[in-house]
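Participant: Below is the file work06.txt, with compact mmCIF, C-alpha atoms.
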```
# COMPACT_ATOMS: atom_id res chain seq x y z
CA MET B 1 0.00 0.00 0.00
CA PRO B 2 1.27 3.53 -0.70
CA ASP B 3 2.45 5.58 2.26
CA TYR B 4 0.34 8.58 1.20
CA THR B 5 -3.35 9.21 0.68
CA LEU B 6 -4.99 10.42 -2.52
CA LYS B 7 -5.83 13.70 -0.78
CA GLU B 8 -2.13 14.16 0.01
CA MET B 9 -1.28 13.31 -3.59
CA MET B 10 -3.72 15.94 -4.88
CA ALA B 11 -2.40 18.60 -2.50
CA ILE B 12 1.20 17.95 -3.51
CA ALA B 13 0.31 17.83 -7.22
CA ALA B 14 -1.24 21.29 -6.94
CA ALA B 15 1.62 22.60 -4.80
CA ARG B 16 4.06 21.67 -7.56
CA GLU B 17 2.13 23.91 -9.95
CA ILE B 18 2.83 27.00 -7.81
CA LYS B 19 6.07 28.83 -8.50
CA ASP B 20 8.09 31.42 -6.59
CA GLY B 21 6.59 34.84 -7.13
CA ASP B 22 3.09 33.51 -7.79
CA ILE B 23 0.17 35.20 -6.04
CA VAL B 24 -2.23 32.45 -5.01
CA PHE B 25 -5.95 33.21 -4.79
CA CYS B 26 -7.67 30.30 -3.12
CA GLY B 27 -10.44 29.18 -0.86
CA THR B 28 -10.00 26.80 2.01
CA GLY B 29 -9.88 23.03 2.18
CA ILE B 30 -7.47 21.22 -0.09
CA SER B 31 -6.74 24.35 -2.16
CA MET B 32 -5.48 26.13 0.96
CA LEU B 33 -3.42 23.10 1.91
CA ALA B 34 -1.82 23.08 -1.54
CA ALA B 35 -0.97 26.79 -1.32
CA MET B 36 0.55 26.36 2.14
CA ALA B 37 2.54 23.32 1.02
CA ALA B 38 3.96 25.21 -1.95
CA LYS B 39 5.05 28.10 0.28
CA HIS B 40 6.78 25.70 2.67
CA ILE B 41 8.37 23.44 0.04
CA SER B 42 9.26 25.13 -3.24
CA ALA B 43 7.77 28.63 -3.47
CA PRO B 44 8.70 30.56 -0.30
CA ASP B 45 8.22 33.88 -2.11
CA SER B 46 4.69 33.08 -3.25
CA THR B 47 1.87 35.14 -1.70
CA ILE B 48 -1.46 33.72 -0.54
CA PHE B 49 -4.53 35.92 -0.43
CA PHE B 50 -8.24 35.50 0.22
CA GLU B 51 -11.40 36.99 -1.21
CA THR B 52 -12.18 38.38 2.25
CA GLY B 53 -9.25 40.80 1.81
CA ALA B 54 -6.42 39.17 3.81
CA ILE B 55 -3.17 39.31 1.83
CA ASP B 56 0.04 37.44 2.67
CA SER B 57 -1.13 35.86 5.93
CA LEU B 58 1.23 34.05 8.27
CA LEU B 59 -0.64 30.77 8.16
CA GLU B 60 0.47 28.87 11.23
CA GLU B 61 -2.76 26.84 11.19
CA VAL B 62 -5.06 25.83 8.35
CA PRO B 63 -8.08 28.18 8.25
CA LEU B 64 -11.42 26.39 8.00
CA ALA B 65 -13.09 29.15 5.95
CA VAL B 66 -12.07 32.33 4.13
CA ALA B 67 -13.64 34.32 6.99
CA ASP B 68 -11.79 32.34 9.68
CA PRO B 69 -9.83 34.86 11.83
CA ARG B 70 -6.71 32.79 11.19
CA VAL B 71 -6.52 34.16 7.64
CA MET B 72 -5.95 37.63 9.14
CA TYR B 73 -3.02 36.69 11.37
CA TYR B 74 0.13 38.73 10.62
CA THR B 75 -1.10 39.80 7.18
CA ALA B 76 0.64 42.35 5.00
CA VAL B 77 -2.80 43.88 4.33
CA ASN B 78 -6.21 43.33 5.87
CA GLY B 79 -8.58 44.75 3.32
CA SER B 80 -12.08 44.06 2.07
CA LEU B 81 -13.65 41.82 -0.54
CA ALA B 82 -13.52 44.75 -2.97
CA ASP B 83 -9.79 45.18 -2.28
CA ALA B 84 -9.15 41.49 -2.92
CA PHE B 85 -10.91 41.50 -6.27
CA ALA B 86 -9.30 44.77 -7.31
CA PHE B 87 -5.91 43.27 -6.44
CA MET B 88 -6.73 40.19 -8.50
CA GLN B 89 -7.96 42.14 -11.54
CA ASN B 90 -5.13 44.69 -11.58
CA ARG B 91 -3.06 43.66 -14.59
CA ARG B 92 0.21 44.42 -12.84
CA THR B 93 -0.57 41.93 -10.06
CA GLY B 94 -3.14 39.84 -11.93
CA ALA B 95 -0.52 38.72 -14.40
CA HIS B 96 1.04 36.70 -11.58
CA VAL B 97 -2.12 35.40 -9.91
CA VAL B 98 -2.90 31.70 -9.77
CA GLY B 99 -6.49 30.82 -8.92
CA ILE B 100 -7.33 27.45 -7.37
CA MET B 101 -10.87 26.34 -8.15
CA GLY B 102 -13.34 23.48 -8.05
CA ALA B 103 -16.76 22.80 -9.58
CA ALA B 104 -19.59 20.34 -10.04
CA GLN B 105 -18.90 19.88 -13.77
CA ILE B 106 -16.03 20.44 -16.19
CA ASP B 107 -16.03 20.13 -20.00
CA PRO B 108 -13.20 19.29 -22.46
CA TYR B 109 -12.01 22.91 -22.52
CA GLY B 110 -11.90 23.50 -18.79
CA ASN B 111 -15.15 25.46 -18.54
CA LEU B 112 -16.80 24.99 -15.15
CA ASN B 113 -20.31 24.67 -13.76
CA SER B 114 -20.98 25.36 -10.09
CA THR B 115 -24.55 26.62 -10.51
CA VAL B 116 -27.08 23.91 -11.45
CA ILE B 117 -27.42 20.34 -12.62
CA GLY B 118 -30.23 20.06 -15.16
CA ASP B 119 -32.30 22.87 -16.62
CA TYR B 120 -31.52 26.24 -15.02
CA HIS B 121 -35.19 27.05 -14.36
CA HIS B 122 -36.09 23.52 -13.17
CA PRO B 123 -32.80 22.07 -11.93
CA ARG B 124 -32.30 18.66 -10.37
CA VAL B 125 -29.69 20.24 -8.09
CA ARG B 126 -28.95 23.90 -7.43
CA PHE B 127 -25.55 24.87 -6.03
CA SER B 128 -24.33 28.07 -4.43
CA GLY B 129 -23.31 29.53 -7.78
CA SER B 130 -20.33 31.55 -8.90
CA GLY B 131 -19.38 33.58 -5.86
CA GLY B 132 -16.11 35.00 -7.15
CA ALA B 133 -15.30 32.01 -9.35
CA CYS B 134 -16.28 33.65 -12.65
CA ASP B 135 -14.10 36.67 -11.84
CA VAL B 136 -11.16 34.44 -10.96
CA ALA B 137 -11.52 32.35 -14.12
CA SER B 138 -11.90 35.48 -16.26
CA PHE B 139 -9.11 37.66 -14.93
CA VAL B 140 -6.23 35.70 -13.42
CA ASP B 141 -3.24 34.48 -15.38
CA ARG B 142 -3.63 30.79 -14.60
CA THR B 143 -6.06 28.47 -12.82
CA ILE B 144 -5.63 25.10 -11.19
CA ILE B 145 -8.80 23.04 -10.94
CA PHE B 146 -9.58 20.33 -8.39
CA MET B 147 -12.12 17.70 -9.45
CA GLN B 148 -13.22 14.25 -8.36
CA GLN B 149 -12.73 11.77 -11.20
CA GLN B 150 -16.33 10.87 -12.00
CA LYS B 151 -18.22 10.56 -15.28
CA ARG B 152 -21.01 12.81 -14.03
CA LYS B 153 -18.45 15.57 -13.40
CA PHE B 154 -16.44 15.28 -16.65
CA VAL B 155 -19.16 16.06 -19.20
CA PRO B 156 -19.06 16.85 -22.93
CA ARG B 157 -21.35 19.83 -22.40
CA LEU B 158 -22.02 21.78 -19.20
CA ASP B 159 -25.54 22.15 -17.88
CA TYR B 160 -24.63 25.77 -17.12
CA LEU B 161 -21.48 27.80 -17.77
CA THR B 162 -20.47 29.41 -14.47
CA SER B 163 -16.76 30.05 -15.03
CA PRO B 164 -14.97 30.25 -18.40
CA GLY B 165 -12.02 28.07 -19.21
CA TRP B 166 -10.82 27.95 -22.81
CA LEU B 167 -14.48 28.38 -23.96
CA GLY B 168 -14.71 26.61 -27.34
CA GLY B 169 -10.98 26.06 -27.71
CA ASP B 170 -8.42 27.55 -30.10
CA ASP B 171 -8.45 31.38 -29.72
CA SER B 172 -12.08 31.67 -28.56
CA ARG B 173 -11.09 32.89 -25.10
CA THR B 174 -9.08 35.79 -26.52
CA ALA B 175 -11.83 36.53 -29.05
CA ALA B 176 -14.29 36.84 -26.15
CA GLY B 177 -12.10 39.58 -24.65
CA LEU B 178 -10.97 37.56 -21.63
CA ALA B 179 -7.53 37.73 -20.04
CA ALA B 180 -4.75 35.79 -21.68
CA GLY B 181 -4.71 33.24 -18.86
CA GLY B 182 -6.83 30.15 -18.54
CA PRO B 183 -6.86 26.72 -16.91
CA ALA B 184 -3.40 25.17 -16.71
CA ALA B 185 -4.08 21.89 -14.93
CA VAL B 186 -6.92 19.74 -13.65
CA ILE B 187 -6.00 17.64 -10.63
CA THR B 188 -8.19 14.70 -9.64
CA ASN B 189 -8.00 11.72 -7.30
CA MET B 190 -6.68 9.63 -10.21
CA ALA B 191 -4.72 11.85 -12.58
CA VAL B 192 -3.49 15.23 -13.79
CA PHE B 193 -4.81 16.79 -17.01
CA ARG B 194 -3.50 19.71 -19.04
CA PHE B 195 -4.66 21.59 -22.14
CA ASP B 196 -3.15 21.48 -25.61
CA ASP B 197 -1.26 24.67 -26.49
CA LYS B 198 -3.10 25.06 -29.82
CA THR B 199 -6.52 23.43 -29.59
CA ARG B 200 -6.88 24.10 -25.81
CA ARG B 201 -8.60 20.72 -25.45
CA MET B 202 -7.92 18.69 -22.33
CA TYR B 203 -5.45 15.80 -22.49
CA LEU B 204 -4.23 13.28 -19.93
CA ASP B 205 -0.83 14.39 -18.68
CA ALA B 206 -0.14 11.91 -15.87
CA VAL B 207 -1.77 9.08 -13.93
CA TYR B 208 -1.05 8.26 -10.33
CA PRO B 209 1.04 5.15 -9.59
CA GLY B 210 -0.98 1.96 -9.97
CA ILE B 211 -3.66 3.58 -12.16
CA ASP B 212 -4.07 2.78 -15.87
CA PRO B 213 -5.17 5.49 -18.34
CA ARG B 214 -8.16 3.34 -19.31
CA GLN B 215 -9.40 3.46 -15.71
CA VAL B 216 -9.34 7.25 -15.92
CA LEU B 217 -11.21 7.30 -19.24
CA ASP B 218 -13.85 5.02 -17.76
CA GLN B 219 -14.64 7.81 -15.30
CA MET B 220 -15.10 10.49 -17.96
CA GLY B 221 -18.02 11.48 -20.17
CA PHE B 222 -15.72 12.35 -23.09
CA GLU B 223 -12.51 11.05 -24.65
CA VAL B 224 -9.14 12.72 -24.17
CA ASP B 225 -5.75 12.11 -25.71
CA THR B 226 -3.71 9.71 -23.54
CA ASP B 227 -0.60 9.48 -25.74
CA ARG B 228 1.30 11.97 -23.57
CA ALA B 229 0.36 10.36 -20.27
CA GLN B 230 3.17 9.50 -17.86
CA THR B 231 3.19 8.13 -14.33
CA PHE B 232 3.01 10.98 -11.84
CA GLN B 233 5.95 11.27 -9.48
CA PRO B 234 4.56 10.42 -6.02
CA PRO B 235 5.09 12.74 -3.05
CA THR B 236 8.58 12.64 -1.60
CA LYS B 237 9.27 11.91 2.05
CA ARG B 238 10.12 15.59 2.58
CA GLU B 239 6.94 16.82 0.88
CA LEU B 240 4.79 14.52 3.00
CA GLU B 241 6.57 15.47 6.21
CA ILE B 242 6.04 19.19 5.56
CA LEU B 243 2.42 18.65 4.52
CA ARG B 244 1.67 16.65 7.67
CA THR B 245 3.74 18.44 10.29
CA GLU B 246 3.96 22.05 9.06
CA CYS B 247 0.75 22.57 7.08
CA ASP B 248 -1.88 20.38 8.72
CA PRO B 249 -0.55 18.78 11.92
CA GLN B 250 -4.08 18.64 13.35
CA ARG B 251 -5.26 16.89 10.17
CA LEU B 252 -8.16 19.30 9.80
CA ILE B 253 -8.10 18.85 6.02
CA LEU B 254 -6.12 15.64 5.61
CA GLY B 255 -8.45 13.79 7.99
```
Rewrite the structure of this file - the entire thing - as structure tokens.
Facilitator:
Amino acid sequence: MPDYTLKEMMAIAAAREIKDGDIVFCGTGISMLAAMAAKHISAPDSTIFFETGAIDSLLEEVPLAVADPRVMYYTAVNGSLADAFAFMQNRRTGAHVVGIMGAAQIDPYGNLNSTVIGDYHHPRVRFSGSGGACDVASFVDRTIIFMQQQKRKFVPRLDYLTSPGWLGGDDSRTAAGLAAGGPAAVITNMAVFRFDDKTRRMYLDAVYPGIDPRQVLDQMGFEVDTDRAQTFQPPTKRELEILRTECDPQRLILG
């Protein structure tokens, strides 16, 4: 049996996407854990900020919500929601912002639905909606998306477009007047996906050890290219130690 959990694998996979100098806009849960892990492991000069206005917090404990007082501890700035979104959309800072997101559905071009399942006016399920997700997806330089690998979540067509990814592929995002950025990676409990540089369609980049690409495809509602798929490098002993002892010693997120 592996000496790490899939949740730990997902957190480390996302942490590896964050580089020094990145400004990380994220919620709580596993996205917060990934941002904290990156800052401790490979991106000490990254900056974490929250939609509630806390920028560059000293995160000694994992906050349980974006309004948790722990996000405000030793911040560089304690602003407002308006400040946070202005900071994100400013092209001088926004060009370095990485948004970490999740959703109920994703399509082949990284567009997200977090609004309804079924018809909008008579939905089977209604979710909380966009919040700031549409702004993040529209304005930041790069997004990382967390998803559970399930056929009902990876769909050929969204029931509702909440947050834009690469829209219809090719140059459609630019043609729509959106920022140059877009989704960079999709991280699931089975694999990591990326998007082709030209077509912007999703492809399978890596599978976790012990998982076959066909198993991943079986949990998707559309086909993706698997020719580039490699085996993902599992978390190192150091990465796991930092994740468990520095980021979430109380296992509030890791469980």
Participant: From the set B:Asp56, B:Asp159, B:Asp3, B:Asp107, which residue has the shortest atom-to-atom contact distance to Arg124 (chain B), counting all atoms listed in the file?
Facilitator: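 Distance minimum relative to Arg124 (chain B) lands on B:Asp159.
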Participant: For Arg200 (chain B), which residue among B:Ser42, B:Gln215, B:Gln250, B:Ser172 is the nearest when counting all atoms listed in the file?
Facilitator: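 The shortest atom-to-atom distance to Arg200 (chain B) comes from B:Ser172.
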Participant: Excluding Val125 (chain B) and residues on its chain fewer than 2 positions from it, collect all residues at most 12 Å away from it, counting only C-alpha atoms, and give them as JSON, numbers by chain.
Facilitator: {"B": [104, 113, 114, 115, 116, 117, 118, 119, 120, 121, 122, 123, 127, 128, 129, 159, 160]}
Participant: Neighbours of Gly29 (chain B) within 10 Å (all atoms listed in the file; same-chain residues fewer than 4 positions away dropped), as a ChimeraX atom specification?
Facilitator: /B:11,33-34,62-66,252-254
Participant: Distance cut-off 12 Å, centre (-6.7, 44.1, -6.9) in file coordinates, counting all atoms listed in the file: which residues qualify? Return them as number ranges by chain.
Facilitator: B: 23, 25, 49-51, 53-55, 77, 79-97, 135-136, 139-140
Participant: To test the calculation: enclose all listed atoms of region 224-227 of chain B in a box whose edges run along x, y and z, add 5 Å on each side, then state centre and edge lengths in Å to one decimal, as JSON.
Facilitator:
```
{"center_x": -4.9, "center_y": 11.1, "center_z": -24.6, "size_x": 18.5, "size_y": 13.2, "size_z": 12.2}
```
Participant: Applying 9 Å and all atoms listed in the file, which residues near Gly102 (chain B) remain after dropping the ones on its own chain fewer than 3 positions away? List them as a list in words.
Facilitator: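 Listed by chain and then number, they are Ser31, Gln105, Leu112, Ser114, Ala133, Ile144, Ile145, Phe146 and Met147 of chain B.
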Participant: At what distance in Å, to one decimal, does CA of Asp227 (chain B) lie from CA of Val186 (chain B)?
Facilitator: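 According to the coordinates, CA of Val186 (chain B) and CA of Asp227 (chain B) are separated by 17.1 Å.
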Participant: For a quick check of understanding, using only C-alpha atoms, which of B:Ala43, B:Met9, B:Ala35, B:Val216 has the smallest distance to Gly21 (chain B)?
Facilitator: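 Going through B:Ala43, B:Met9, B:Ala35, B:Val216 one by one, the smallest distance to Gly21 (chain B) is for B:Ala43.
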Participant: So how far away is CA of Leu59 (chain B) from CA of Pro234 (chain B), in Å?
Facilitator: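 Taking CA of Pro234 (chain B) as the start and CA of Leu59 (chain B) as the end point, the length is 25.3 Å.
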Participant: Identify which of the residues B:Val155, B:Ala175, B:Val24, B:Leu243 lies closest to Ile100 (chain B), counting all atoms listed in the file when measuring atom-to-atom distances.
Facilitator: B:Val24
Participant: Return the single residue from B:Met32, B:Met190, B:Met220, B:Ala38 that is closest to Met10 (chain B), with distances computed using only C-alpha atoms.
Facilitator: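 Among the listed residues, the smallest separation from Met10 (chain B) belongs to B:Met190.
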